[in-house]
>>> print(open('input14.txt').read())   # compact mmCIF, C-alpha atoms
# COMPACT_ATOMS: atom_id res chain seq x y z
CA MET I 1 8.20 44.88 22.16
CA LYS I 2 4.81 43.26 21.87
CA ILE I 3 4.49 40.20 19.67
CA THR I 4 1.72 41.89 17.65
CA ASN I 5 4.08 44.74 16.76
CA LEU I 6 6.76 42.22 15.72
CA LEU I 7 4.26 40.37 13.56
CA ARG I 8 3.15 43.66 11.96
CA LEU I 9 6.76 44.61 11.20
CA ALA I 10 7.48 41.18 9.72
CA LEU I 11 4.35 41.31 7.57
CA ARG I 12 5.24 44.80 6.34
CA ALA I 13 8.74 43.64 5.40
CA ILE I 14 7.33 40.71 3.39
CA GLN I 15 4.79 42.95 1.62
CA ARG I 16 7.54 45.45 0.77
CA ASN I 17 9.39 42.79 -1.28
CA LYS I 18 6.58 40.53 -2.51
CA MET I 19 8.39 38.97 -5.47
CA ARG I 20 11.60 38.37 -3.52
CA SER I 21 9.61 36.85 -0.64
CA PHE I 22 7.72 34.58 -3.04
CA LEU I 23 10.94 33.39 -4.69
CA THR I 24 12.37 32.75 -1.21
CA MET I 25 9.32 30.68 -0.35
CA LEU I 26 9.53 28.64 -3.57
CA GLY I 27 11.77 25.93 -2.13
CA ILE I 28 9.49 25.58 0.91
CA ILE I 29 6.39 25.51 -1.34
CA ILE I 30 7.80 22.74 -3.54
CA GLY I 31 9.15 20.80 -0.55
CA VAL I 32 5.91 20.88 1.45
CA GLY I 33 3.79 20.19 -1.65
CA SER I 34 5.96 17.18 -2.49
CA VAL I 35 5.87 15.83 1.07
CA ILE I 36 2.06 16.10 1.22
CA ALA I 37 1.65 14.39 -2.18
CA MET I 38 4.20 11.62 -1.45
CA ILE I 39 2.68 10.77 1.92
CA ALA I 40 -0.84 10.82 0.41
CA ILE I 41 0.19 8.43 -2.38
CA GLY I 42 2.02 6.15 0.06
CA GLU I 43 -0.87 6.06 2.55
CA GLY I 44 -3.38 5.53 -0.26
CA SER I 45 -1.37 2.61 -1.63
CA LYS I 46 -1.07 1.06 1.82
CA GLN I 47 -4.81 1.34 2.47
CA SER I 48 -5.60 -0.08 -0.97
CA ILE I 49 -3.27 -3.07 -0.49
CA GLN I 50 -4.67 -3.82 2.95
CA SER I 51 -8.21 -3.58 1.61
CA GLN I 52 -7.44 -5.91 -1.31
CA ILE I 53 -5.75 -8.50 0.90
CA LYS I 54 -8.64 -8.42 3.38
CA GLY I 55 -11.01 -8.79 0.42
CA MET I 56 -9.31 -12.10 -0.36
CA GLY I 57 -10.46 -13.39 3.03
CA SER I 58 -9.04 -11.82 6.19
CA ASN I 59 -8.81 -15.16 8.04
CA MET I 60 -7.28 -17.03 5.13
CA ILE I 61 -4.17 -19.17 5.57
CA THR I 62 -2.27 -20.39 2.53
CA ILE I 63 -0.17 -23.57 2.53
CA ARG I 64 2.15 -24.17 -0.42
CA PRO I 65 4.99 -26.57 -1.16
CA SER I 66 8.37 -24.98 -0.63
CA SER I 67 11.59 -25.66 -2.50
CA ASN I 68 13.25 -28.86 -1.46
CA VAL I 69 16.72 -30.34 -1.89
CA MET I 70 16.97 -33.83 -3.31
CA GLY I 71 20.31 -35.41 -4.21
CA GLY I 72 22.05 -32.07 -3.82
CA THR I 73 19.68 -30.35 -6.28
CA ARG I 74 17.11 -27.76 -5.23
CA ILE I 75 13.72 -28.54 -6.75
CA ASP I 76 11.46 -25.74 -7.97
CA ASN I 77 8.34 -25.11 -5.86
CA SER I 78 5.97 -25.93 -8.70
CA ASN I 79 7.48 -29.40 -9.02
CA VAL I 80 7.39 -30.25 -5.34
CA GLN I 81 4.62 -32.71 -4.57
CA SER I 82 4.40 -32.49 -0.81
CA LEU I 83 0.73 -31.64 -0.21
CA SER I 84 -1.70 -34.54 -0.29
CA GLU I 85 -5.20 -35.56 0.68
CA GLN I 86 -3.75 -36.73 3.99
CA ASP I 87 -2.64 -33.15 4.78
CA VAL I 88 -6.07 -31.76 3.93
CA LYS I 89 -7.74 -34.29 6.21
CA ALA I 90 -5.28 -33.56 9.02
CA VAL I 91 -5.95 -29.80 8.87
CA GLN I 92 -9.67 -30.37 8.45
CA ASN I 93 -10.14 -32.79 11.33
CA GLN I 94 -7.40 -32.09 13.88
CA SER I 95 -7.11 -28.31 14.04
CA GLU I 96 -9.25 -26.52 16.62
CA TYR I 97 -8.64 -23.08 15.07
CA ILE I 98 -9.72 -23.93 11.50
CA ASN I 99 -13.31 -23.92 10.28
CA ALA I 100 -12.88 -24.50 6.52
CA VAL I 101 -10.27 -26.12 4.27
CA SER I 102 -9.94 -26.40 0.51
CA PRO I 103 -7.12 -27.81 -1.63
CA MET I 104 -6.47 -26.35 -5.07
CA VAL I 105 -4.98 -27.52 -8.33
CA SER I 106 -5.03 -25.44 -11.49
CA SER I 107 -4.38 -25.61 -15.19
CA ARG I 108 -4.19 -22.83 -17.79
CA GLY I 109 -5.77 -23.24 -21.21
CA GLN I 110 -8.45 -22.11 -23.67
CA ALA I 111 -12.10 -22.10 -22.65
CA ILE I 112 -14.38 -22.28 -25.67
CA ASN I 113 -18.04 -21.47 -26.30
CA GLY I 114 -18.88 -21.81 -29.99
CA PRO I 115 -16.98 -19.10 -31.88
CA TYR I 116 -15.77 -17.44 -28.68
CA ASN I 117 -12.70 -18.47 -26.68
CA SER I 118 -10.84 -17.18 -23.68
CA SER I 119 -7.38 -17.97 -22.34
CA THR I 120 -8.06 -18.55 -18.66
CA ILE I 121 -7.23 -20.69 -15.67
CA LEU I 122 -9.23 -23.68 -14.44
CA GLN I 123 -9.02 -24.14 -10.68
CA GLY I 124 -10.11 -27.30 -8.92
CA VAL I 125 -11.29 -26.65 -5.35
CA TYR I 126 -13.71 -27.74 -2.63
CA PRO I 127 -17.09 -25.99 -2.19
CA GLU I 128 -15.61 -24.40 0.97
CA TYR I 129 -13.24 -22.36 -1.22
CA LEU I 130 -15.92 -19.69 -1.78
CA PHE I 131 -16.36 -19.26 1.99
CA ILE I 132 -12.60 -19.05 2.56
CA ARG I 133 -12.18 -16.41 -0.16
CA ALA I 134 -15.32 -14.50 0.96
CA TRP I 135 -16.60 -14.89 -2.59
CA ASN I 136 -20.32 -14.84 -3.44
CA LEU I 137 -22.29 -16.13 -6.42
CA GLN I 138 -23.96 -13.62 -8.69
CA GLU I 139 -26.38 -16.31 -9.89
CA GLY I 140 -26.79 -20.09 -9.86
CA ILE I 141 -25.52 -22.52 -7.23
CA SER I 142 -22.16 -23.88 -6.15
CA PHE I 143 -21.06 -27.49 -6.70
CA THR I 144 -21.37 -29.93 -3.78
CA ASN I 145 -19.22 -32.48 -1.97
CA GLN I 146 -21.00 -35.14 -4.03
CA ASP I 147 -19.74 -33.37 -7.20
CA VAL I 148 -16.21 -33.54 -5.73
CA LYS I 149 -16.54 -37.28 -5.06
CA SER I 150 -17.84 -38.01 -8.55
CA ALA I 151 -15.41 -35.60 -10.32
CA ALA I 152 -18.43 -33.95 -11.92
CA LYS I 153 -17.94 -31.81 -15.00
CA VAL I 154 -19.67 -28.73 -13.59
CA CYS I 155 -18.20 -25.27 -13.12
CA LEU I 156 -18.58 -21.73 -11.84
CA ILE I 157 -17.29 -18.98 -14.12
CA GLY I 158 -15.82 -15.59 -13.25
CA GLN I 159 -17.00 -12.29 -14.72
CA THR I 160 -14.12 -11.99 -17.21
CA VAL I 161 -14.77 -15.48 -18.57
CA LEU I 162 -18.48 -14.67 -18.74
CA ASN I 163 -17.84 -11.51 -20.77
CA ASN I 164 -15.35 -13.25 -23.11
CA LEU I 165 -17.42 -16.36 -23.81
CA PHE I 166 -20.90 -14.82 -23.71
CA PRO I 167 -20.49 -11.29 -25.09
CA ASP I 168 -24.14 -11.16 -26.19
CA GLY I 169 -25.38 -11.33 -22.60
CA GLU I 170 -27.52 -14.44 -23.02
CA GLU I 171 -28.51 -16.76 -20.16
CA VAL I 172 -25.51 -18.97 -19.28
CA LEU I 173 -26.74 -21.30 -16.53
CA GLY I 174 -27.03 -24.85 -17.85
CA LYS I 175 -24.91 -24.19 -20.92
CA ASN I 176 -21.72 -26.11 -21.67
CA ILE I 177 -18.26 -24.70 -22.32
CA ARG I 178 -15.17 -26.70 -23.26
CA PHE I 179 -11.77 -26.59 -21.60
CA LYS I 180 -9.05 -28.73 -23.18
CA LYS I 181 -11.77 -30.54 -25.14
CA ILE I 182 -13.66 -31.48 -21.93
CA PRO I 183 -17.22 -30.12 -21.62
CA PHE I 184 -18.17 -28.37 -18.37
CA LYS I 185 -21.74 -27.44 -17.46
CA ILE I 186 -22.09 -23.93 -16.03
CA ILE I 187 -24.08 -24.06 -12.79
CA GLY I 188 -23.11 -20.67 -11.33
CA VAL I 189 -21.57 -17.27 -12.04
CA LEU I 190 -19.16 -15.73 -9.53
CA SER I 191 -19.59 -12.13 -8.37
CA LYS I 192 -16.99 -9.59 -9.50
CA LYS I 193 -13.78 -9.71 -7.46
CA GLY I 194 -11.45 -7.34 -9.35
CA GLU I 195 -7.65 -7.38 -9.41
CA ASN I 196 -5.67 -8.78 -6.52
CA THR I 197 -2.63 -7.24 -4.82
CA PHE I 198 -0.35 -8.52 -7.57
CA GLY I 199 -2.45 -6.95 -10.33
CA GLN I 200 -3.94 -10.29 -11.46
CA ASP I 201 -7.55 -10.42 -12.66
CA GLN I 202 -9.30 -12.64 -10.11
CA ASP I 203 -12.40 -12.83 -12.31
CA ASP I 204 -10.52 -14.57 -15.11
CA VAL I 205 -11.10 -18.01 -13.62
CA ILE I 206 -13.26 -21.12 -13.84
CA LEU I 207 -13.87 -23.06 -10.62
CA THR I 208 -14.66 -26.76 -10.69
CA PRO I 209 -14.41 -29.70 -8.22
CA VAL I 210 -10.79 -30.43 -7.35
CA THR I 211 -11.07 -34.09 -8.33
CA THR I 212 -12.29 -33.10 -11.80
CA VAL I 213 -9.05 -31.25 -12.52
CA GLN I 214 -6.91 -33.93 -10.87
CA LYS I 215 -8.43 -36.85 -12.77
CA ARG I 216 -9.56 -35.35 -16.08
CA ILE I 217 -6.90 -32.65 -16.71
CA LEU I 218 -3.68 -33.17 -14.71
CA SER I 219 -3.69 -36.89 -13.78
CA THR I 220 -2.21 -36.20 -10.37
CA THR I 221 -3.08 -36.96 -6.76
CA TYR I 222 -1.17 -34.02 -5.22
CA TYR I 223 -2.31 -30.47 -4.52
CA GLN I 224 -0.59 -27.25 -5.52
CA THR I 225 -2.04 -25.23 -2.63
CA ILE I 226 -4.20 -25.74 0.43
CA PHE I 227 -6.36 -22.86 1.62
CA ALA I 228 -7.72 -22.76 5.17
CA SER I 229 -9.84 -20.29 7.09
CA ALA I 230 -9.19 -19.59 10.77
CA VAL I 231 -12.13 -19.29 13.16
CA ASN I 232 -11.49 -15.53 13.35
CA GLU I 233 -8.72 -12.98 12.68
CA ASN I 234 -7.38 -13.29 16.24
CA THR I 235 -6.68 -17.01 15.86
CA THR I 236 -4.87 -16.95 12.49
CA ASP I 237 -1.40 -16.96 14.09
CA LYS I 238 -2.31 -19.85 16.41
CA ALA I 239 -3.87 -21.74 13.52
CA SER I 240 -0.78 -21.14 11.39
CA LEU I 241 1.55 -22.55 14.08
CA GLU I 242 -0.78 -25.47 14.65
CA ILE I 243 -0.82 -26.32 10.93
CA GLN I 244 2.97 -26.06 10.77
CA LYS I 245 3.42 -28.52 13.67
CA MET I 246 0.78 -30.84 12.21
CA LEU I 247 2.38 -30.97 8.76
CA ARG I 248 5.90 -31.47 10.14
CA ILE I 249 4.61 -34.55 11.97
CA SER I 250 2.63 -35.69 8.92
CA HIS I 251 5.64 -35.24 6.61
CA LYS I 252 7.99 -36.87 9.17
CA ILE I 253 10.33 -33.88 9.17
CA GLN I 254 13.05 -34.32 11.78
CA LYS I 255 14.08 -31.60 14.23
CA GLY I 256 16.53 -29.18 12.61
CA MET I 257 15.36 -29.98 9.06
CA ASP I 258 13.68 -27.37 6.85
CA ASP I 259 9.96 -27.58 6.12
CA ASP I 260 8.94 -28.84 2.66
CA PHE I 261 5.97 -26.46 2.80
CA SER I 262 5.26 -22.86 3.71
CA VAL I 263 2.36 -21.48 5.75
CA ARG I 264 1.36 -17.83 5.23
CA THR I 265 -1.43 -15.77 6.78
CA GLN I 266 -3.08 -12.64 5.37
CA ALA I 267 -1.68 -10.69 8.32
CA GLU I 268 1.84 -11.58 7.17
CA LEU I 269 1.01 -10.42 3.65
CA ILE I 270 -0.41 -7.15 4.97
CA SER I 271 2.66 -6.66 7.15
CA THR I 272 5.03 -7.36 4.24
CA PHE I 273 3.29 -5.02 1.81
CA SER I 274 2.76 -2.32 4.45
CA SER I 275 6.45 -2.47 5.32
CA THR I 276 7.42 -2.12 1.64
CA SER I 277 4.97 0.73 1.13
CA ARG I 278 6.21 2.45 4.31
CA THR I 279 9.83 2.18 3.17
CA LEU I 280 8.99 3.70 -0.22
CA THR I 281 7.00 6.49 1.42
CA VAL I 282 9.87 7.33 3.77
CA LEU I 283 12.34 7.29 0.86
CA LEU I 284 10.19 9.58 -1.30
CA THR I 285 9.49 11.88 1.66
CA VAL I 286 13.20 12.19 2.41
CA ILE I 287 13.82 13.11 -1.23
CA ALA I 288 11.05 15.72 -1.05
CA GLY I 289 12.48 16.92 2.27
CA ILE I 290 15.68 17.93 0.48
CA SER I 291 13.62 20.72 -1.14
CA LEU I 292 12.79 21.95 2.34
CA ILE I 293 16.48 22.16 3.19
CA VAL I 294 17.14 24.04 -0.04
CA GLY I 295 14.22 26.33 0.79
CA GLY I 296 15.64 26.89 4.28
CA ILE I 297 19.00 27.86 2.83
CA GLY I 298 17.16 30.32 0.58
CA ILE I 299 15.51 31.87 3.64
CA MET I 300 18.87 32.21 5.39
CA ASN I 301 20.36 33.86 2.31
CA ILE I 302 17.52 36.36 1.93
CA MET I 303 17.56 37.16 5.65
CA TYR I 304 21.28 37.96 5.43
CA VAL I 305 20.53 40.30 2.51
CA SER I 306 17.64 41.83 4.44
CA VAL I 307 19.81 42.46 7.52
CA THR I 308 22.47 44.11 5.34
CA GLU I 309 19.91 46.30 3.53
CA ARG I 310 18.27 47.38 6.77
CA THR I 311 21.41 47.97 8.81
CA LYS I 312 20.66 51.69 9.16
CA GLU I 313 17.08 50.92 10.24
CA ILE I 314 18.43 48.53 12.87
CA GLY I 315 20.87 51.17 14.11
CA LEU I 316 18.09 53.79 14.31
CA ARG I 317 15.81 51.44 16.27
CA MET I 318 18.60 50.58 18.69
CA SER I 319 19.44 54.25 19.24
CA LEU I 320 15.74 54.82 20.11
CA GLY I 321 15.86 52.11 22.78
CA ALA I 322 15.24 48.80 21.03
CA ARG I 323 17.06 45.95 22.73
CA GLY I 324 19.04 43.21 21.02
CA ILE I 325 16.33 40.67 21.83
CA ASP I 326 13.75 42.89 20.06
CA ILE I 327 15.85 42.97 16.88
CA LEU I 328 16.49 39.22 17.09
CA MET I 329 12.77 38.48 17.48
CA GLN I 330 11.87 40.86 14.65
CA PHE I 331 14.04 39.08 12.08
CA LEU I 332 13.34 35.63 13.51
CA ILE I 333 9.57 36.13 13.23
CA GLU I 334 10.04 37.45 9.70
CA ALA I 335 11.91 34.25 8.75
CA ILE I 336 9.25 32.08 10.40
CA MET I 337 6.44 33.96 8.63
CA ILE I 338 8.12 33.46 5.26
CA SER I 339 8.52 29.74 5.99
CA ILE I 340 4.97 29.25 7.35
CA THR I 341 3.41 31.20 4.46
CA GLY I 342 5.38 29.06 2.01
CA GLY I 343 4.19 25.98 3.92
CA LEU I 344 0.56 27.08 3.65
CA ILE I 345 0.86 27.53 -0.12
CA GLY I 346 2.74 24.21 -0.28
CA VAL I 347 -0.10 22.41 1.53
CA ILE I 348 -2.61 23.79 -1.00
CA LEU I 349 -0.28 22.77 -3.83
CA GLY I 350 0.22 19.27 -2.35
CA ILE I 351 -3.52 18.66 -1.88
CA SER I 352 -4.21 19.90 -5.43
CA ALA I 353 -1.46 17.66 -6.85
CA THR I 354 -2.85 14.68 -4.94
CA LYS I 355 -6.35 15.28 -6.31
CA LEU I 356 -4.93 15.52 -9.86
CA VAL I 357 -3.01 12.23 -9.41
CA THR I 358 -6.22 10.50 -8.29
CA TYR I 359 -8.27 12.05 -11.10
CA PHE I 360 -5.92 11.54 -14.06
CA MET I 361 -3.94 8.42 -13.02
CA ASN I 362 -6.60 6.73 -10.87
CA TRP I 363 -4.05 6.06 -8.11
CA PRO I 364 -5.41 5.57 -4.59
CA THR I 365 -4.40 8.48 -2.32
CA LEU I 366 -5.13 9.43 1.28
CA ILE I 367 -4.36 12.88 2.72
CA THR I 368 -3.90 12.61 6.47
CA GLN I 369 -4.12 15.37 9.07
CA SER I 370 -0.81 14.24 10.52
CA SER I 371 1.01 14.90 7.22
CA VAL I 372 -0.39 18.46 7.09
CA LEU I 373 0.49 19.15 10.73
CA LEU I 374 3.93 17.62 10.21
CA SER I 375 4.52 19.92 7.23
CA PHE I 376 3.66 23.03 9.29
CA LEU I 377 5.89 21.84 12.13
CA VAL I 378 8.78 21.29 9.71
CA CYS I 379 8.19 24.79 8.23
CA PHE I 380 8.29 26.35 11.70
CA ILE I 381 11.51 24.52 12.59
CA THR I 382 13.02 25.45 9.20
CA GLY I 383 12.17 29.14 9.79
CA VAL I 384 13.68 29.07 13.29
CA PHE I 385 16.78 27.09 12.28
CA PHE I 386 17.70 29.03 9.14
CA GLY I 387 16.48 32.43 10.37
CA TYR I 388 18.17 32.40 13.76
CA TYR I 389 21.76 33.14 12.73
CA PRO I 390 20.95 36.17 10.50
CA ALA I 391 18.63 37.46 13.27
CA LEU I 392 21.39 36.96 15.86
CA LYS I 393 23.83 38.85 13.66
CA ALA I 394 21.36 41.75 13.38
CA SER I 395 20.80 41.83 17.15
CA ARG I 396 24.55 42.10 17.80
CA LEU I 397 25.14 45.11 15.54
CA ASN I 398 26.76 48.16 17.11
CA PRO I 399 24.15 51.01 16.93
CA ILE I 400 26.75 53.67 16.04
CA GLU I 401 28.41 51.58 13.32
CA ALA I 402 24.97 50.59 12.02
CA LEU I 403 23.92 54.26 11.68
CA ARG I 404 27.14 55.00 9.77
CA TYR I 405 26.66 52.06 7.40
CA GLU I 406 26.44 53.03 3.71
>>> encode(input="input14.txt", output="structure tokens")
Amino acid sequence: MKITNLLRLALRAIQRNKMRSFLTMLGIIIGVGSVIAMIAIGEGSKQSIQSQIKGMGSNMITIRPSSNVMGGTRIDNSNVQSLSEQDVKAVQNQSEYINAVSPMVSSRGQAINGPYNSSTILQGVYPEYLFIRAWNLQEGISFTNQDVKSAAKVCLIGQTVLNNLFPDGEEVLGKNIRFKKIPFKIIGVLSKKGENTFGQDQDDVILTPVTTVQKRILSTTYYQTIFASAVNENTTDKASLEIQKMLRISHKIQKGMDDDFSVRTQAELISTFSSTSRTLTVLLTVIAGISLIVGGIGIMNIMYVSVTERTKEIGLRMSLGARGIDILMQFLIEAIMISITGGLIGVILGISATKLVTYFMNWPTLITQSSVLLSFLVCFITGVFFGYYPALKASRLNPIEALRYE
């Protein structure tokens, strides 16, 4: 029998029992819709995380103290003082893959401007920090190396600090704010950066020369973090290894001993978050896939019922010359059409659900062609897998017994 005739018969059978066919498709519709939405949310999250991390400076390398063991006691990272000016100079002058370095120390407290105050963080850095973080100034100028040498009381403020301390929108350049009773002259305003990957407001910050925070706020000579920028993205891994070797020599760490610092690149962060996002997406997709299995079982059940109801019709067709393969193909195509039609509705449902998630919850989503094609492929396989056995049973009916069936 021609395939067009089989398709026409299958379509007629579905139209004859519209409500039953729709209820049979329901599991497939929910399953495909869920898979499309889950993959879209997972892909959207992954893209968003990668974009945010790259926005922090795609070549950036971060060096932090790591936990250390002294006298049998493990010291917390924040209390480890293993990064010094000597390390900054070593990375700055000896590495061939690094083009900018900036140490950082920070202190949290209240910034005050007259009646307005803001709980924020004061970060002491080098002028190169803006280049490393790919951060521009909205207005004003940055501080200089001379300001770092003299521990000048000048600062750059982020957008959140600007809005909290100057809600009236007046001119801020040249004005003084106080942080822990120390006056800082505003010489620049940072452009808006937004939240980082960890949900922290990057604009809630005041930047000032590193020596200013060390001498006037913390009274320390050590650094909490060192930021470096590789020459380009392709050299970040080489630069990271080079820094690691350099610091092990500088810190006199013997072979076999753990580092008292950690070196991380943006690529490692992207890889870590992408891996986590991928795992969650797979987990959610597997859960949604269970609906597809349930839908497939529904198809098998309905096809059994359909074969039983149409036993006489099968017997009549066989007595008129239809072969077993024709009967098998007829019911198999009917099962596949039910599954594919359910998949098509499921795709529309999944895309609609994804749009609603983006609109109402403001979550990043990304619908990919591969997820749609994968859904149709799964629907086809589901139709074949769960429709084959009922179709095989129909094709093996005895024509005489089928005609006598009541």
>>> residues_around(input="input14.txt", residues="Glu96 (chain I)", least_positions_apart="3", cutoff="9 Å", atoms="all atoms listed in the file", output="list of chain:residue names")
I:Asn93, I:Asn99, I:Val231, I:Ala239, I:Glu242
>>> write_last_selection(input="input14.txt", atoms="C-alpha atoms", output="tab-separated table (two decimals), in the coordinates of the input")
chain	number	residue	atom	x	y	z
I	93	ASN	CA	-10.14	-32.79	11.33
I	99	ASN	CA	-13.31	-23.92	10.28
I	231	VAL	CA	-12.13	-19.29	13.16
I	239	ALA	CA	-3.87	-21.74	13.52
I	242	GLU	CA	-0.78	-25.47	14.65
>>> atom_distance(input="input14.txt", atom1="CA of Phe179 (chain I)", atom2="CA of Leu137 (chain I)")
21.2 Å
>>> atom_distance(input="input14.txt", atom1="CA of Gln15 (chain I)", atom2="CA of Ile338 (chain I)")
10.7 Å
>>> atom_distance(input="input14.txt", atom1="CA of Ser107 (chain I)", atom2="CA of Thr225 (chain I)")
12.8 Å
>>> closest_residue(input="input14.txt", among="I:Ile340, I:Leu130, I:Leu356, I:Val91", to="Leu241 (chain I)", atoms="only C-alpha atoms")
I:Val91
>>> closest_residue(input="input14.txt", among="I:Val210, I:Ser82, I:Ser118, I:Arg310", to="Lys252 (chain I)", atoms="all atoms listed in the file")
I:Ser82
>>> axis_aligned_box(input="input14.txt", around="region 359-372 of chain I", padding_each_side="5 Å", output="AutoDock Vina command-line options")
--center_x -3.6 --center_y 12.0 --center_z -1.8 --size_x 19.3 --size_y 22.9 --size_z 34.6
>>> residues_around(input="input14.txt", residues="Phe184 (chain I)", least_positions_apart="2", cutoff="9 Å", atoms="only C-alpha atoms", output="list in words")
Ala152, Lys153, Val154, Cys155, Lys175, Asn176, Ile177, Arg178, Phe179, Ile182, Ile186 and Thr208 of chain I
>>> closest_residue(input="input14.txt", among="I:Ala322, I:Val305, I:Gln94, I:Leu83", to="Lys2 (chain I)", atoms="all atoms listed in the file")
I:Ala322
>>> closest_residue(input="input14.txt", among="I:Lys312, I:Asn362, I:Asp237, I:Gly169", to="Glu268 (chain I)", atoms="all atoms listed in the file")
I:Asp237
>>> residues_around(input="input14.txt", residues="Thr308 (chain I)", least_positions_apart="3", cutoff="10 Å", atoms="all atoms listed in the file", output="MDAnalysis selection string")
chainID I and resid 302:305 311:314 390 393:394 402 405:406
>>> residues_around(input="input14.txt", residues="region 17-32 of chain I", least_positions_apart="2", cutoff="8 Å", atoms="all atoms listed in the file", output="VMD selection string")
chain I and resid 13 to 15 34 to 36 288 to 292 294 to 296 298 to 299 302 338 to 339 341 to 347 349 to 350 375 379
>>> residues_around(input="input14.txt", residues="Lys192 (chain I)", least_positions_apart="3", cutoff="9 Å", atoms="all atoms listed in the file", output="PyMOL selection string")
chain I and resi 135-138+158-160+202-203
